[in-house]
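Undergrad: My structure file my_file.cif, mmCIF, C-alpha atoms, is below:
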```cif
data_start
loop_
_atom_site.label_atom_id
_atom_site.label_comp_id
_atom_site.auth_asym_id
_atom_site.auth_seq_id
_atom_site.Cartn_x
_atom_site.Cartn_y
_atom_site.Cartn_z
CA MET A 23 67.17 104.40 92.05
CA GLY A 24 65.14 104.94 88.88
CA ASP A 25 63.54 102.09 86.97
CA ARG A 26 65.86 102.59 84.00
CA PHE A 27 68.96 102.54 86.23
CA LYS A 28 67.70 99.39 87.99
CA ALA A 29 67.14 97.73 84.62
CA ILE A 30 70.69 98.58 83.50
CA ALA A 31 72.21 97.34 86.77
CA PHE A 32 70.23 94.10 86.58
CA ASP A 33 71.25 93.63 82.94
CA GLN A 34 74.92 93.98 83.96
CA LEU A 35 74.40 91.42 86.72
CA SER A 36 72.79 89.06 84.24
CA LYS A 37 75.65 89.40 81.77
CA SER A 38 78.28 88.88 84.47
CA LEU A 39 76.91 85.54 85.64
CA ASN A 40 76.61 82.34 83.71
CA ARG A 41 75.28 79.39 85.69
CA GLN A 42 77.33 76.86 83.72
CA GLN A 43 80.55 78.84 84.27
CA LEU A 44 79.87 79.26 87.97
CA VAL A 45 78.53 75.93 89.08
CA GLY A 46 78.60 73.57 86.14
CA ASP A 47 78.12 70.12 87.58
CA VAL A 48 79.64 70.94 90.98
CA ARG A 49 77.93 69.04 93.76
CA ARG A 50 78.56 69.46 97.47
CA PRO A 51 80.26 66.36 98.89
CA GLN A 52 77.91 64.14 100.90
CA HIS A 53 79.55 65.03 104.21
CA GLY A 54 80.17 68.67 103.27
CA TRP A 55 83.01 70.72 101.85
CA LEU A 56 84.75 71.33 105.17
CA LYS A 57 85.23 67.67 105.95
CA ALA A 58 86.14 66.81 102.35
CA VAL A 59 88.77 69.55 102.15
CA ARG A 60 90.14 68.82 105.64
CA LYS A 61 90.53 65.13 104.82
CA GLY A 62 91.88 65.93 101.36
CA LEU A 63 94.58 68.06 103.00
CA GLY A 64 95.36 65.24 105.44
CA LEU A 65 94.42 67.32 108.49
CA THR A 66 92.87 65.99 111.67
CA LEU A 67 90.03 67.66 113.55
CA ARG A 68 92.56 68.57 116.25
CA GLU A 69 94.91 70.27 113.76
CA VAL A 70 92.14 72.41 112.26
CA ALA A 71 90.84 73.19 115.74
CA ALA A 72 94.30 74.38 116.84
CA ARG A 73 94.54 76.68 113.81
CA LEU A 74 91.14 78.15 114.60
CA GLY A 75 91.66 78.28 118.36
CA VAL A 76 88.71 76.03 119.21
CA SER A 77 88.20 72.42 120.29
CA ALA A 78 88.12 69.38 118.00
CA PRO A 79 84.44 68.75 118.89
CA ALA A 80 83.69 72.33 117.80
CA ILE A 81 85.19 71.60 114.37
CA ARG A 82 83.21 68.35 114.15
CA ALA A 83 80.05 70.34 115.00
CA LEU A 84 80.88 72.91 112.30
CA GLU A 85 81.44 70.16 109.74
CA THR A 86 78.12 68.57 110.69
CA SER A 87 76.25 71.87 110.54
CA GLU A 88 77.74 72.59 107.10
CA ALA A 89 76.75 69.13 105.82
CA GLU A 90 73.21 69.71 107.15
CA GLU A 91 73.09 73.22 105.64
CA ARG A 92 72.77 74.92 109.04
CA ILE A 93 76.17 76.64 109.23
CA THR A 94 76.39 80.42 109.18
CA LEU A 95 78.35 82.08 106.41
CA ALA A 96 80.64 83.68 108.99
CA SER A 97 81.54 80.29 110.50
CA LEU A 98 81.98 78.73 107.08
CA LYS A 99 84.34 81.55 106.07
CA ARG A 100 86.40 81.18 109.26
CA VAL A 101 86.94 77.45 108.85
CA ALA A 102 87.46 77.72 105.10
CA GLY A 103 90.10 80.37 105.75
CA VAL A 104 92.19 78.12 107.99
CA LEU A 105 91.91 75.45 105.29
CA GLY A 106 93.33 77.89 102.74
CA CYS A 107 90.01 78.34 100.96
CA ASP A 108 87.59 81.15 100.19
CA VAL A 109 83.82 80.92 100.35
CA VAL A 110 82.09 82.08 97.21
CA TYR A 111 78.46 83.06 97.82
CA VAL A 112 76.34 83.69 94.75
CA LEU A 113 72.74 83.33 93.64
CA VAL A 114 72.26 82.07 90.10
CA PRO A 115 69.02 81.47 88.22
CA ARG A 116 68.02 77.81 88.12
CA THR A 117 67.52 78.10 84.39
CA GLY A 118 68.39 80.74 81.85
CA SER A 119 69.71 84.17 82.70
CA PHE A 120 68.77 86.88 85.17
CA ASP A 121 67.16 88.71 82.26
CA GLU A 122 64.92 85.73 81.52
CA LEU A 123 64.15 85.33 85.23
CA ALA A 124 63.18 89.01 85.53
CA ASP A 125 61.03 88.80 82.40
CA HIS A 126 59.24 85.70 83.72
CA GLU A 127 58.57 87.41 87.06
CA ALA A 128 57.32 90.63 85.43
CA ARG A 129 54.98 88.61 83.19
CA ARG A 130 53.74 86.64 86.21
CA GLN A 131 52.88 89.90 87.96
CA VAL A 132 51.15 91.67 85.07
CA THR A 133 49.27 88.74 83.50
CA PRO A 134 46.30 88.66 85.95
CA HIS A 135 45.70 92.40 85.51
CA ILE A 136 45.91 92.28 81.72
CA GLU A 137 43.66 89.22 81.51
CA ALA A 138 41.07 90.75 83.87
CA THR A 139 41.02 93.99 81.89
CA GLU A 140 40.75 92.14 78.58
CA HIS A 141 37.90 90.02 79.96
CA SER A 142 35.97 93.17 80.91
CA MET A 143 36.67 94.70 77.51
CA VAL A 144 35.44 91.56 75.72
CA LEU A 145 32.20 91.67 77.74
CA GLU A 146 31.74 95.24 76.53
CA ALA A 147 32.57 94.19 72.93
CA GLN A 148 35.75 96.26 73.10
CA GLY A 149 38.31 93.50 73.49
CA SER A 150 41.43 93.65 71.36
CA HIS A 151 42.39 89.94 71.63
CA ASP A 152 46.09 90.81 71.73
CA VAL A 153 46.67 89.67 75.30
CA PRO A 154 50.17 88.18 74.72
CA GLN A 155 51.40 91.43 73.18
CA LYS A 156 49.87 93.46 76.01
CA ILE A 157 51.51 91.21 78.60
CA ALA A 158 54.91 91.52 76.89
CA ARG A 159 54.57 95.30 76.59
CA GLU A 160 53.49 95.75 80.22
CA ALA A 161 56.25 93.40 81.47
CA ARG A 162 58.86 95.48 79.61
CA ARG A 163 57.38 98.67 81.10
CA LYS A 164 57.40 97.17 84.59
CA ARG A 165 61.08 96.28 84.20
CA GLY A 166 61.89 99.81 83.04
CA LEU A 167 62.88 98.67 79.56
CA THR A 168 60.51 101.05 77.71
#
```
Go ahead and render the structure in this file as structure tokens.
TA:
Amino acid sequence: MGDRFKAIAFDQLSKSLNRQQLVGDVRRPQHGWLKAVRKGLGLTLREVAARLGVSAPAIRALETSEAEERITLASLKRVAGVLGCDVVYVLVPRTGSFDELADHEARRQVTPHIEATEHSMVLEAQGSHDVPQKIAREARRKRGLT
């Protein structure tokens, strides 16, 4: 896929996701979502186990592994399904947008090269002293935006 097409696809991804809309202040319950939802629905381990066709200790183990962030997505989806829930799996930037994240990463990658080149140019009395502009320009090029 060409750089320009990748940039367009990434821009669409960035526009489609807003961290605040997706996660807001949602925090995983201390003992995990599975246990919280099961208890909230008034279901016992045995009842959930029967729906899934496994033993009650297996459900307890799944709840524990989810609370300890060791559960597989497939297992989480199976148990969530019998609880009448869907699993939503998404990566969102910690801060800002995907566009800002991509720009930061591109700048991180190009900065050492630009600074090294500028240093050599200064030693040869040919430096332009416009390092920030060069970094911004090269980062845009790297992202396929120019």
Undergrad: Which of these, A:Leu95, A:Leu84, A:Val48, A:Leu145, has the shortest distance to A:Val70 once you count all atoms listed in the file?
TA: A:Leu84
Undergrad: Can you turn the PyMOL selection byres ((chain A and resi 60) around 10) into a concrete residue list for this file, as a list in words?
TA: Trp55, Leu56, Lys57, Ala58, Val59, Lys61, Gly62, Leu63, Gly64, Leu65, Thr66, Leu67, Glu69, Val70, Glu85, Val101, Ala102, Val104 and Leu105 of chain A
Undergrad: So, counting only C-alpha atoms, which residue among A:Arg116, A:Lys99, A:Arg50, A:Arg129 is closest to A:Arg165?
TA: A:Arg129
Undergrad: Find the distance between atom CA of A:Asp121 and atom CA of A:Arg162 and write it in Å to one decimal.
TA: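 Computed distance, atom CA of A:Asp121 to atom CA of A:Arg162, equals 11.0 Å.
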Undergrad: Going by the chain IDs and residue numbers used in this file, which residues fall under the PyMOL selection byres ((chain A and resi 110) around 10)? Write them as a PDB file with C-alpha atoms, in the frame of the given file.
TA:
```
ATOM      1  CA  LEU A  44      79.870  79.260  87.970  1.00  0.00           C
ATOM      2  CA  LEU A  95      78.350  82.080 106.410  1.00  0.00           C
ATOM      3  CA  LYS A  99      84.340  81.550 106.070  1.00  0.00           C
ATOM      4  CA  CYS A 107      90.010  78.340 100.960  1.00  0.00           C
ATOM      5  CA  ASP A 108      87.590  81.150 100.190  1.00  0.00           C
ATOM      6  CA  VAL A 109      83.820  80.920 100.350  1.00  0.00           C
ATOM      7  CA  TYR A 111      78.460  83.060  97.820  1.00  0.00           C
ATOM      8  CA  VAL A 112      76.340  83.690  94.750  1.00  0.00           C
TER       9      VAL A 112
END
```
Undergrad: Could you state the separation of atom CA of A:Val153 and atom CA of A:Ile136 in Å, given to one decimal place?
TA: 7.0 Å
Undergrad: What does the distance from atom CA of A:Ile93 to atom CA of A:Ala80 come to in Å, to one decimal?
TA: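 Atom-to-atom, atom CA of A:Ile93 to atom CA of A:Ala80, that is 12.2 Å.
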Undergrad: Residues near A:Glu122, anyone? I mean within 12 Å using only C-alpha atoms, not counting same-chain ones fewer than 2 positions away, as a count of residues only.
TA: 20
Undergrad: Could you check the closest approach to A:Arg92 for each of A:Glu160, A:His151, A:Arg49, A:Gly54 and tell me which residue wins, using only C-alpha atoms?
TA: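 Of A:Glu160, A:His151, A:Arg49, A:Gly54, the one nearest A:Arg92 is A:Gly54, counting only C-alpha atoms.
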Undergrad: Which residue is closest to A:Pro134? Choose from A:Pro79, A:Pro51, A:Gly166, A:Pro154 and count only C-alpha atoms.
TA: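 When distances to A:Pro134 are compared using only C-alpha atoms, the smallest one comes from A:Pro154.
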